[in-house]
file start-v1.txt (compact mmCIF, C-alpha atoms)
# COMPACT_ATOMS: atom_id res chain seq x y z
CA MET H 1 0.00 0.00 0.00
CA LEU H 2 1.20 3.50 -0.79
CA ARG H 3 2.07 5.60 2.21
CA LEU H 4 0.67 9.06 1.65
CA ARG H 5 2.83 11.92 2.92
CA TYR H 6 -0.01 13.91 4.43
CA ASP H 7 -2.94 12.51 6.38
CA THR H 8 -6.36 13.98 5.82
CA PRO H 9 -7.39 15.75 9.06
CA GLY H 10 -9.84 13.69 11.11
CA HIS H 11 -12.60 16.29 11.00
CA TRP H 12 -12.95 15.74 7.21
CA SER H 13 -15.42 12.95 8.08
CA ASP H 14 -17.52 15.41 10.08
CA LEU H 15 -17.70 17.72 7.07
CA VAL H 16 -18.83 14.83 4.88
CA LEU H 17 -21.46 13.63 7.34
CA ALA H 18 -22.81 17.19 7.58
CA ASP H 19 -23.25 17.28 3.76
CA LEU H 20 -23.57 13.64 2.81
CA ASP H 21 -25.77 14.36 -0.20
CA GLY H 22 -23.21 16.80 -1.60
CA PHE H 23 -20.42 14.32 -0.96
CA LEU H 24 -22.32 11.52 -2.72
CA SER H 25 -22.78 13.69 -5.81
CA ASP H 26 -19.08 14.56 -5.85
CA HIS H 27 -18.18 10.91 -5.29
CA ALA H 28 -20.41 9.77 -8.17
CA HIS H 29 -18.79 12.25 -10.54
CA ASN H 30 -15.33 11.09 -9.48
CA GLU H 31 -16.24 7.48 -10.26
CA ARG H 32 -17.50 8.56 -13.69
CA LYS H 33 -14.30 10.53 -14.36
CA VAL H 34 -12.08 7.59 -13.38
CA ALA H 35 -13.99 5.31 -15.78
CA HIS H 36 -13.54 7.89 -18.54
CA THR H 37 -9.84 8.34 -17.75
CA ALA H 38 -9.25 4.58 -17.80
CA LEU H 39 -10.78 4.35 -21.27
CA LEU H 40 -8.73 7.32 -22.40
CA MET H 41 -5.55 5.65 -21.11
CA ALA H 42 -6.47 2.48 -23.03
CA ARG H 43 -7.04 4.52 -26.19
CA GLN H 44 -3.73 6.38 -25.81
CA ASN H 45 -1.70 3.18 -25.29
CA PRO H 46 -3.13 0.69 -27.82
CA ARG H 47 0.10 -1.32 -28.07
CA GLU H 48 0.38 -1.78 -24.30
CA THR H 49 -1.87 -4.84 -24.02
CA GLU H 50 -1.50 -5.18 -20.26
CA ILE H 51 -2.45 -1.54 -19.75
CA VAL H 52 -5.39 -1.76 -22.17
CA ASP H 53 -6.75 -4.89 -20.49
CA ALA H 54 -6.34 -3.39 -17.01
CA MET H 55 -7.97 -0.10 -18.02
CA ILE H 56 -10.96 -1.84 -19.59
CA ALA H 57 -11.52 -3.79 -16.37
CA LEU H 58 -11.02 -0.65 -14.27
CA ALA H 59 -13.44 1.37 -16.40
CA GLN H 60 -16.10 -1.32 -16.02
CA GLU H 61 -15.63 -1.47 -12.25
CA GLU H 62 -15.63 2.31 -11.83
CA LEU H 63 -18.71 2.69 -14.02
CA GLY H 64 -20.40 0.16 -11.71
CA HIS H 65 -19.39 2.31 -8.73
CA PHE H 66 -20.84 5.36 -10.49
CA ARG H 67 -24.11 3.46 -10.92
CA ASP H 68 -24.07 2.31 -7.29
CA VAL H 69 -23.47 5.80 -5.91
CA HIS H 70 -26.16 7.20 -8.20
CA GLU H 71 -28.57 4.59 -6.83
CA LEU H 72 -27.69 5.68 -3.28
CA ILE H 73 -28.40 9.29 -4.22
CA LYS H 74 -31.78 8.36 -5.69
CA ALA H 75 -32.64 6.19 -2.67
CA ARG H 76 -32.02 9.23 -0.47
CA GLY H 77 -34.44 11.25 -2.62
CA GLY H 78 -31.71 13.26 -4.31
CA ARG H 79 -30.38 13.93 -7.78
CA LEU H 80 -26.89 13.67 -9.13
CA GLY H 81 -26.21 17.39 -9.43
CA PHE H 82 -23.64 19.11 -11.59
CA ASP H 83 -19.95 18.42 -11.53
CA GLY H 84 -17.53 21.18 -10.65
CA PRO H 85 -13.83 21.64 -11.25
CA ASP H 86 -11.47 19.49 -9.22
CA ALA H 87 -8.60 21.70 -8.04
CA TYR H 88 -6.81 18.68 -6.54
CA MET H 89 -6.74 16.74 -9.81
CA ASN H 90 -5.89 19.81 -11.85
CA ALA H 91 -2.91 20.58 -9.60
CA LEU H 92 -1.68 16.98 -9.57
CA LEU H 93 -1.94 16.62 -13.35
CA LYS H 94 -0.15 19.94 -13.78
CA ALA H 95 2.81 18.31 -11.98
CA THR H 96 2.99 15.47 -14.53
CA ARG H 97 5.26 15.51 -17.55
CA LYS H 98 3.65 16.11 -20.94
CA ALA H 99 6.31 16.24 -23.66
CA ASP H 100 8.29 13.08 -22.93
CA VAL H 101 6.15 10.16 -24.12
CA GLY H 102 7.59 7.67 -21.62
CA GLY H 103 7.55 10.23 -18.83
CA TYR H 104 3.95 11.11 -19.63
CA LEU H 105 2.80 7.49 -19.32
CA LEU H 106 4.82 6.86 -16.17
CA ASP H 107 3.52 10.04 -14.54
CA ARG H 108 -0.09 9.30 -15.48
CA LEU H 109 0.09 5.79 -14.06
CA LEU H 110 1.68 6.97 -10.84
CA ALA H 111 -0.52 10.06 -10.45
CA PHE H 112 -3.63 7.92 -10.78
CA GLY H 113 -2.16 5.45 -8.31
CA VAL H 114 -1.67 8.28 -5.81
CA VAL H 115 -5.24 9.51 -6.41
CA GLU H 116 -6.57 6.03 -5.73
CA ALA H 117 -4.51 5.87 -2.53
CA ARG H 118 -6.06 9.17 -1.39
CA GLY H 119 -9.50 7.76 -2.18
CA CYS H 120 -8.64 4.64 -0.17
CA GLU H 121 -7.66 6.78 2.82
CA ARG H 122 -10.79 8.91 2.68
CA PHE H 123 -13.23 6.08 2.05
CA SER H 124 -11.74 4.30 5.06
CA MET H 125 -12.20 7.42 7.18
CA LEU H 126 -15.80 7.75 6.05
CA ALA H 127 -16.54 4.05 6.65
CA ASP H 128 -15.18 4.40 10.18
CA ALA H 129 -17.38 7.45 10.83
CA LEU H 130 -20.62 5.96 9.49
CA PRO H 131 -23.02 4.02 11.71
CA GLU H 132 -23.46 0.32 11.10
CA GLY H 133 -25.51 -0.34 8.01
CA GLU H 134 -25.54 -0.53 4.24
CA LEU H 135 -23.68 2.73 3.64
CA LYS H 136 -20.86 1.77 6.01
CA THR H 137 -20.52 -1.63 4.33
CA PHE H 138 -20.51 0.06 0.92
CA TYR H 139 -17.63 2.37 1.87
CA GLN H 140 -15.70 -0.47 3.49
CA GLU H 141 -15.89 -2.34 0.18
CA LEU H 142 -14.88 0.76 -1.77
CA THR H 143 -11.85 1.12 0.52
CA ARG H 144 -10.72 -2.36 -0.53
CA CYS H 145 -11.33 -1.50 -4.20
CA GLU H 146 -9.27 1.68 -4.00
CA ALA H 147 -6.42 -0.27 -2.39
CA ARG H 148 -6.45 -2.71 -5.30
CA HIS H 149 -6.59 0.15 -7.79
CA HIS H 150 -3.64 2.10 -6.47
CA ALA H 151 -1.59 -1.10 -6.35
CA LEU H 152 -2.65 -1.82 -9.96
CA PHE H 153 -1.31 1.50 -11.23
CA VAL H 154 2.04 1.04 -9.49
CA ARG H 155 2.28 -2.55 -10.74
CA LEU H 156 1.57 -1.41 -14.32
CA ALA H 157 4.25 1.26 -14.01
CA LYS H 158 6.79 -1.26 -12.73
CA GLY H 159 5.88 -3.63 -15.55
CA ARG H 160 6.75 -0.96 -18.11
CA PHE H 161 9.58 1.07 -16.51
CA PRO H 162 12.64 0.26 -14.38
CA ALA H 163 11.69 -0.13 -10.70
CA ALA H 164 14.22 2.48 -9.57
CA GLU H 165 12.76 5.06 -11.98
CA VAL H 166 9.23 4.24 -10.82
CA ASP H 167 10.17 4.49 -7.15
CA ALA H 168 12.00 7.80 -7.64
CA ARG H 169 9.16 9.42 -9.58
CA LEU H 170 6.55 8.02 -7.18
CA ASP H 171 8.48 9.57 -4.31
CA GLU H 172 8.37 12.96 -6.08
CA LEU H 173 4.66 12.73 -6.88
CA LEU H 174 3.78 11.70 -3.32
CA THR H 175 5.55 14.81 -2.07
CA VAL H 176 3.74 17.01 -4.61
CA GLU H 177 0.39 15.43 -3.74
CA ALA H 178 0.93 16.00 -0.02
CA GLU H 179 1.58 19.69 -0.61
CA ILE H 180 -1.52 19.96 -2.81
CA VAL H 181 -3.75 18.40 -0.14
CA ARG H 182 -2.13 20.41 2.65
CA SER H 183 -2.61 23.70 0.77
CA GLN H 184 -6.24 23.24 -0.22
CA PRO H 185 -9.21 24.00 2.02
CA LEU H 186 -10.79 20.93 3.55
CA ARG H 187 -14.17 20.31 1.94
CA PRO H 188 -16.77 17.53 2.04
CA THR H 189 -15.54 16.12 -1.26
CA LEU H 190 -13.45 13.13 -2.23
CA HIS H 191 -10.49 15.35 -3.17
call {"tool": "encode", "arguments": {"input": "start-v1.txt", "output": "structure tokens"}}
result
Amino acid sequence: MLRLRYDTPGHWSDLVLADLDGFLSDHAHNERKVAHTALLMARQNPRETEIVDAMIALAQEELGHFRDVHELIKARGGRLGFDGPDAYMNALLKATRKADVGGYLLDRLLAFGVVEARGCERFSMLADALPEGELKTFYQELTRCEARHHALFVRLAKGRFPAAEVDARLDELLTVEAEIVRSQPLRPTLH
């Protein structure tokens, strides 16, 4: 498991519980965006069979999570709502390399691995804060999924690039991600 360099403050869960409907809408949109990004990564790397296969499976799973969260929203009498900009993702992607083809792929894999690790941390926090019941069980399962996903991205990177290069760049991106999270206001959103 990736060790994040900055822990989300404990009162994040209180913010989420105070605006659970807003959080669920944000969460649903994040699942949709991950499914889209996985398909985009498959399209951009057609000769990387392992990556294409993994991204197809990830997109299917994340689209299922999008559906599941949307069902939770509807069951609570709500609607999905509109998606807003994600300052966290924008800042993290700004830190990735663009021009160097190999560097771009490595950075994308590792950045998405770090994002999944942050999701794992926050879903775990939310699951711990929720009372016993269906929603708690749902977020416990999502915590396990996010753990698998962040490990998948790192494994894919190490299958394509030298381990020392992966570890060095992952170290850099974990530091960048910690500063991004530390510098942004705490909100009842996934990121």
call {"tool": "closest_atom_pairs", "arguments": {"input": "start-v1.txt", "of": "stretch 52-95 of chain H", "to": "stretch 147-163 of chain H", "cutoff": "12 Å", "atoms": "all atoms listed in the file", "output": "Markdown table"}}
result
| residue | atom | partner | partner_atom | distance |
| --- | --- | --- | --- | --- |
| H:Val52 | CA | H:Leu156 | CA | 10.5 |
| H:Asp53 | CA | H:Leu156 | CA | 10.9 |
| H:Ala54 | CA | H:Leu152 | CA | 8.1 |
| H:Met55 | CA | H:Phe153 | CA | 9.6 |
| H:Ala57 | CA | H:His149 | CA | 10.7 |
| H:Leu58 | CA | H:His149 | CA | 7.9 |
| H:Ala59 | CA | H:His149 | CA | 11.1 |
| H:Glu61 | CA | H:His149 | CA | 10.2 |
| H:Glu62 | CA | H:His149 | CA | 10.1 |
call {"tool": "atom_distance", "arguments": {"input": "start-v1.txt", "atom1": "atom CA of H:Ala178", "atom2": "atom CA of H:Ala129"}}
result
22.9 Å
call {"tool": "atom_distance", "arguments": {"input": "start-v1.txt", "atom1": "atom CA of H:Gly22", "atom2": "atom CA of H:Ile73"}}
result
9.5 Å
call {"tool": "residues_around", "arguments": {"input": "start-v1.txt", "residues": "H:Arg5", "least_positions_apart": "2", "cutoff": "12 Å", "atoms": "all atoms listed in the file", "output": "PyMOL selection string"}}
result
chain H and resi 2-3+7-8+114+117-118+121+170-182
call {"tool": "atom_distance", "arguments": {"input": "start-v1.txt", "atom1": "atom CA of H:Met125", "atom2": "atom CA of H:Leu190"}}
result
11.1 Å
call {"tool": "closest_residue", "arguments": {"input": "start-v1.txt", "among": "H:Ile56, H:Val69, H:Leu142, H:Val166", "to": "H:Leu126", "atoms": "only C-alpha atoms"}}
result
H:Leu142
call {"tool": "closest_residue", "arguments": {"input": "start-v1.txt", "among": "H:Glu141, H:Glu165, H:Glu31, H:Asp21", "to": "H:Arg79", "atoms": "all atoms listed in the file"}}
result
H:Asp21
call {"tool": "residues_around", "arguments": {"input": "start-v1.txt", "residues": "H:Glu71", "least_positions_apart": "6", "cutoff": "10 Å", "atoms": "only C-alpha atoms", "output": "PDB file with C-alpha atoms, in the coordinates of the input"}}
result
ATOM      1  CA  ALA H  28     -20.410   9.770  -8.170  1.00  0.00           C
ATOM      2  CA  HIS H  65     -19.390   2.310  -8.730  1.00  0.00           C
ATOM      3  CA  GLY H  77     -34.440  11.250  -2.620  1.00  0.00           C
ATOM      4  CA  GLY H  78     -31.710  13.260  -4.310  1.00  0.00           C
ATOM      5  CA  ARG H  79     -30.380  13.930  -7.780  1.00  0.00           C
ATOM      6  CA  LEU H  80     -26.890  13.670  -9.130  1.00  0.00           C
TER       7      LEU H  80
END
call {"tool": "closest_residue", "arguments": {"input": "start-v1.txt", "among": "H:Leu72, H:Ala38, H:Leu63, H:Leu17", "to": "H:Gly113", "atoms": "only C-alpha atoms"}}
result
H:Ala38
call {"tool": "residues_around", "arguments": {"input": "start-v1.txt", "residues": "H:Tyr104", "least_positions_apart": "4", "cutoff": "12 Å", "atoms": "only C-alpha atoms", "output": "CSV table (one decimal) with C-alpha atoms, in the coordinates of the input"}}
result
chain,number,residue,atom,x,y,z
H,41,MET,CA,-5.6,5.6,-21.1
H,44,GLN,CA,-3.7,6.4,-25.8
H,45,ASN,CA,-1.7,3.2,-25.3
H,93,LEU,CA,-1.9,16.6,-13.4
H,94,LYS,CA,-0.2,19.9,-13.8
H,95,ALA,CA,2.8,18.3,-12.0
H,96,THR,CA,3.0,15.5,-14.5
H,97,ARG,CA,5.3,15.5,-17.6
H,98,LYS,CA,3.6,16.1,-20.9
H,99,ALA,CA,6.3,16.2,-23.7
H,100,ASP,CA,8.3,13.1,-22.9
H,108,ARG,CA,-0.1,9.3,-15.5
H,109,LEU,CA,0.1,5.8,-14.1
H,110,LEU,CA,1.7,7.0,-10.8
H,111,ALA,CA,-0.5,10.1,-10.4
H,157,ALA,CA,4.2,1.3,-14.0
H,161,PHE,CA,9.6,1.1,-16.5
H,169,ARG,CA,9.2,9.4,-9.6
call {"tool": "closest_residue", "arguments": {"input": "start-v1.txt", "among": "H:Trp12, H:Met89, H:Arg187, H:Asp68", "to": "H:Phe138", "atoms": "all atoms listed in the file"}}
result
H:Asp68
call {"tool": "closest_residue", "arguments": {"input": "start-v1.txt", "among": "H:Ser25, H:Gln60, H:Asn30, H:Thr37", "to": "H:Gly119", "atoms": "all atoms listed in the file"}}
result
H:Asn30
